[in-house]
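Since the structure comes first, as structure tokens, the remarks are kept for the end.
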Amino acid sequence: KDTLVKLWDLRARHCVQTLVTHRSEVWSLAVSPDQRLLITGTSDMELRVWKIDTDRLDNVSTDTDTSNMTPEEAAKKWEAISDYGTIQRSSKDRVVDLRFHPTGLYFSCVSADKQVEVFRTRTHAEIKKKMARRQKRSREKRKSKHSGDKEDSDASDSEAEDKALEITAADELTSFKLFRTSAKPVSLDFSPVETDAATLHRQGSLNILVSQNNNAVHTWTVPIPPPGKTTKQANLPEPSLMNSVEMLGHRSEPRSLALSSDNELIASVANKSLRVWNAHTGSCVRTLECGTAICAAFLPGDQMIVVGTKEGNLELYDIPSASLVETFDAHEGATCWSVDVRPDKKGIVTGGADKCVKFWDLELVRDQQGDGSVVGRRRMTLEHVKTLKMSDDVLAVKCSPDSRLLAVSLLDTTVKVFYADTLKFFLSLYGHKLPV
């Protein structure tokens, strides 16, 4: 993030060169398989390309005598990386990842705006052709401007000729294909089995693996031209999504887990989703949308799940029908941090950021259907019976197995213990440096 790229000698444990030309944070870098090129990516629309002098790198480790040199001469002696120019990329967002193909013929750039751009290395014949065109344009330009003193004209001609013959990164590397991912990409890699050009050309395409921030991994196939043909001549199709691995898990970090009383089911909540899993097979049996879930618990009978949300609600879900049955405004807009089923199986206890511990009884009611004359099936509901006011936000509540005591964790890093029947204070546990 300090915009610097440093080259280190691991044996001497010494930084031998620092690249200081970047104007913004360097988010990724990649070295070609032959260790000839280094590419760095920043927030700019340009990728900076560097040449690596491997012979000088070897000398850095062996020839360390700089006693007869000035600091500037010693630094110049160890300069193994030199500027090779820049190449334009199509994305305006920052670089996320850079990766060379094992053959070195291609490399890819992933940007934060879901864009993956593949670049290819031009062949020697293509570079030669490009240089010949450039020299021709340079000569025509000089011819049209040719006037005045012959000596000055010859000097400028020689300088322009040298410039036209100089190969830069833009001559060697060019944009090849572009595709967009369905979600923000995190990283990418090429298939490791495509190790030589013959295998790659026989296959006729690149395989690119892209991991995304929504817990998905996609494989893209990018067609490439056969040997001896240009991209235009080959008339290649666009890159296409070949395979997709999307786990059934949550797309964000799980906030709570609950195990059914018969150990058959596991409930997990994350962000705005509730998922129910078979504990033995690991398969997801139910997926339901919910509020911003914080905690969850199975109710007695294991047919219903109660979810506490960031909005302060308790949401009651029926597993067989995969539906939301009822919503309760439990903590008046403050986050419901904890829910625990009482050991007598007759109710639950909840704690929230409104500094309240609330007690709920389980009741059975019948739903009326239509005009009210038809009585539906019986279902479970919650009824608020009492509240215990605390001095700080409640982060966790837990009943003792014998139903005698209730432990309440507060934001002030203490754990208060009360008698469950009378709600009288019993003792305070302290010693944690952070809230429980």
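Each chain of the structure tokens is named A, B, ... in the order shown, its residues numbered from 1; ligands are numbered from 1 in display order.
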
Neighbouring residues of A:Phe119 were defined as those with any atom within 9 Å, considering only C-alpha atoms; residues of the same chain fewer than 6 positions away were excluded. Please report them as number ranges by chain. A: 105-109, 173-178

Produce a table with one row for each residue of stretch 298-397 of chain A that has an atom at most 10 Å from any atom of stretch 275-279 of chain A, each row naming the nearest atom pair and its distance in Å at one decimal; use only C-alpha atoms; arrange rows by chain and rising residue number; format as a Markdown table.
```
| residue | atom | partner | partner_atom | distance |
| --- | --- | --- | --- | --- |
| A:Ile305 | CA | A:Val276 | CA | 9.6 |
| A:Ile319 | CA | A:Val276 | CA | 8.2 |
| A:Ala322 | CA | A:Val276 | CA | 9.8 |
```

For stretch 86-88 of chain A, find every residue with an atom within 10 Å (counting only C-alpha atoms), except residues of its own chain fewer than 3 positions away, and show them as a PyMOL selection string. chain A and resi 39-40+44-50+83+91+119+168-175

Output as a tab-separated table one row per residue of stretch 300-389 of chain A within 9 Å of stretch 406-421 of chain A: the closest atom pair and its distance in Å to one decimal place, counting only C-alpha atoms, sorted by chain and residue number ascending.
```
residue	atom	partner	partner_atom	distance
A:Gly351	CA	A:Val408	CA	8.1
A:Lys355	CA	A:Leu410	CA	8.5
A:Val357	CA	A:Val408	CA	8.2
```

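Residue nearest A:Val325 within the list A:Thr21, A:Ser256, A:Thr281, A:Thr381: A:Thr381 [criterion: smallest interatomic distance, only C-alpha atoms].
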
Excluding A:Asp93 and any residue of its chain fewer than 2 positions from it, enumerate the residues within 12 Å of it, using only C-alpha atoms, and give them as a JSON list (two decimals) with N, CA and C atoms, in the first residue's frame.
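New file selection_4.json:
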```
[["chain", "number", "residue", "atom", "x", "y", "z"],
["A", 27, "TRP", "N", -1.60, -3.58, -5.94],
["A", 27, "TRP", "CA", -2.53, -4.60, -5.44],
["A", 27, "TRP", "C", -2.11, -6.02, -5.80],
["A", 41, "GLY", "N", 0.20, -4.40, -10.90],
["A", 41, "GLY", "CA", -1.13, -3.81, -11.10],
["A", 41, "GLY", "C", -1.51, -2.89, -9.96],
["A", 42, "THR", "N", -2.02, -1.73, -10.29],
["A", 42, "THR", "CA", -2.44, -0.73, -9.30],
["A", 42, "THR", "C", -3.89, -0.33, -9.57],
["A", 43, "SER", "N", -4.26, 0.86, -9.12],
["A", 43, "SER", "CA", -5.60, 1.38, -9.39],
["A", 43, "SER", "C", -5.66, 2.12, -10.72],
["A", 44, "ASP", "N", -4.51, 2.31, -11.37],
["A", 44, "ASP", "CA", -4.48, 2.99, -12.67],
["A", 44, "ASP", "C", -5.02, 2.10, -13.77],
["A", 45, "MET", "N", -5.28, 2.70, -14.92],
["A", 45, "MET", "CA", -5.76, 1.95, -16.08],
["A", 45, "MET", "C", -4.61, 1.31, -16.85],
["A", 46, "GLU", "N", -3.41, 1.43, -16.32],
["A", 46, "GLU", "CA", -2.25, 0.86, -16.97],
["A", 46, "GLU", "C", -1.62, -0.22, -16.10],
["A", 89, "ARG", "N", -5.21, -1.36, -19.94],
["A", 89, "ARG", "CA", -6.26, -2.34, -19.66],
["A", 89, "ARG", "C", -7.61, -1.65, -19.78],
["A", 90, "SER", "N", -8.65, -2.42, -20.00],
["A", 90, "SER", "CA", -9.97, -1.82, -20.29],
["A", 90, "SER", "C", -10.71, -1.37, -19.03],
["A", 91, "SER", "N", -10.43, -1.99, -17.88],
["A", 91, "SER", "CA", -11.16, -1.66, -16.67],
["A", 91, "SER", "C", -10.66, -0.36, -16.04],
["A", 95, "VAL", "N", -6.90, -3.27, -9.82],
["A", 95, "VAL", "CA", -6.50, -4.65, -10.10],
["A", 95, "VAL", "C", -6.70, -5.50, -8.84],
["A", 96, "VAL", "N", -7.26, -6.70, -9.01],
["A", 96, "VAL", "CA", -7.43, -7.65, -7.90],
["A", 96, "VAL", "C", -6.36, -8.73, -7.93],
["A", 109, "CYS", "N", -5.70, -10.52, -16.10],
["A", 109, "CYS", "CA", -5.84, -9.46, -15.09],
["A", 109, "CYS", "C", -7.29, -9.43, -14.63],
["A", 110, "VAL", "N", -7.49, -9.56, -13.32],
["A", 110, "VAL", "CA", -8.84, -9.49, -12.74],
["A", 110, "VAL", "C", -9.00, -8.13, -12.09],
["A", 111, "SER", "N", -10.13, -7.47, -12.36],
["A", 111, "SER", "CA", -10.40, -6.16, -11.77],
["A", 111, "SER", "C", -11.58, -6.23, -10.81],
["A", 112, "ALA", "N", -11.68, -5.23, -9.96],
["A", 112, "ALA", "CA", -12.72, -5.22, -8.93],
["A", 112, "ALA", "C", -14.12, -5.00, -9.49],
["A", 113, "ASP", "N", -14.25, -4.65, -10.77],
["A", 113, "ASP", "CA", -15.57, -4.43, -11.38],
["A", 113, "ASP", "C", -16.07, -5.67, -12.12],
["A", 114, "LYS", "N", -15.65, -6.87, -11.68],
["A", 114, "LYS", "CA", -16.09, -8.16, -12.23],
["A", 114, "LYS", "C", -15.56, -8.43, -13.64],
["A", 115, "GLN", "N", -14.50, -7.76, -14.03],
["A", 115, "GLN", "CA", -13.98, -7.89, -15.38],
["A", 115, "GLN", "C", -12.68, -8.70, -15.37],
["A", 116, "VAL", "N", -12.59, -9.68, -16.26],
["A", 116, "VAL", "CA", -11.37, -10.48, -16.44],
["A", 116, "VAL", "C", -10.86, -10.23, -17.85],
["A", 184, "LYS", "N", -18.22, -10.40, -7.72],
["A", 184, "LYS", "CA", -16.89, -9.81, -7.61],
["A", 184, "LYS", "C", -15.83, -10.90, -7.49]]
```

Please identify all polymer residues within 10 Å of A:Gln35, counting only C-alpha atoms, omitting same-chain residues fewer than 4 positions from it, and present them as a ChimeraX atom specification. /A:30-31,51-54,104

Among stretch 174-304 of chain A, which residues does DSSP mark as alpha helix (DSSP H) when it is run on the backbone? Keep the chain and numbering as in the structure and answer as a tab-separated table (two decimals) with N, CA and C atoms, in the first residue's frame.
```tsv
chain	number	residue	atom	x	y	z
A	197	ALA	N	3.27	-25.33	-25.06
A	197	ALA	CA	2.50	-24.72	-26.15
A	197	ALA	C	1.81	-25.77	-27.00
A	198	ALA	N	2.45	-26.94	-27.19
A	198	ALA	CA	1.85	-27.99	-28.03
A	198	ALA	C	0.53	-28.47	-27.43
A	199	THR	N	0.53	-28.72	-26.11
A	199	THR	CA	-0.70	-29.16	-25.43
A	199	THR	C	-1.78	-28.09	-25.53
A	200	LEU	N	-1.37	-26.84	-25.35
A	200	LEU	CA	-2.31	-25.73	-25.39
A	200	LEU	C	-2.94	-25.59	-26.77
A	201	HIS	N	-2.14	-25.65	-27.83
A	201	HIS	CA	-2.69	-25.49	-29.18
A	201	HIS	C	-3.51	-26.71	-29.60
A	202	ARG	N	-3.13	-27.89	-29.09
A	202	ARG	CA	-3.93	-29.09	-29.38
A	202	ARG	C	-5.30	-28.98	-28.72
A	203	GLN	N	-5.33	-28.39	-27.53
A	203	GLN	CA	-6.59	-28.20	-26.79
A	203	GLN	C	-7.43	-27.11	-27.43
A	231	THR	N	-5.71	-13.55	-34.42
A	231	THR	CA	-7.03	-13.60	-33.77
A	231	THR	C	-8.13	-13.27	-34.77
A	232	LYS	N	-7.90	-12.30	-35.66
A	232	LYS	CA	-8.90	-11.93	-36.65
A	232	LYS	C	-9.11	-13.05	-37.67
A	233	GLN	N	-8.04	-13.66	-38.08
A	233	GLN	CA	-8.14	-14.73	-39.08
A	233	GLN	C	-8.86	-15.96	-38.52
A	234	ALA	N	-8.66	-16.25	-37.24
A	234	ALA	CA	-9.25	-17.44	-36.64
A	234	ALA	C	-10.75	-17.29	-36.39
```

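Put simply, atom CA of A:Gly308 is 6.0 Å away from atom CA of A:Ala293.
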
Selection near A:Glu238, 9 Å with only C-alpha atoms, sequence-local residues under 2 positions removed, as a PyMOL selection string: chain A and resi 177-179+222-223+236+240

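Separating atom CA of A:Asn243 from atom CA of A:Ser273 is a distance of 25.4 Å.
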
Residues within 12 Å of A:Thr181, only C-alpha atoms, excluding chain neighbours under 5 positions, as a PyMOL selection string: chain A and resi 110-117+186-188+208-214+216-220+239-241+244

Run DSSP on the backbone and tell me which residues of stretch 50-296 of chain A come out as strand (DSSP E or B); list them as an MDAnalysis selection string. chainID A and resid 50:52 81:88 95:100 106:111 115:121 173:180 185:190 205:212 216:223 240:246 256:259 265:270 273:278 284:289 293:296

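Atom to atom, atom CA of A:Leu257 and atom CA of A:Trp337 stand 13.2 Å apart.
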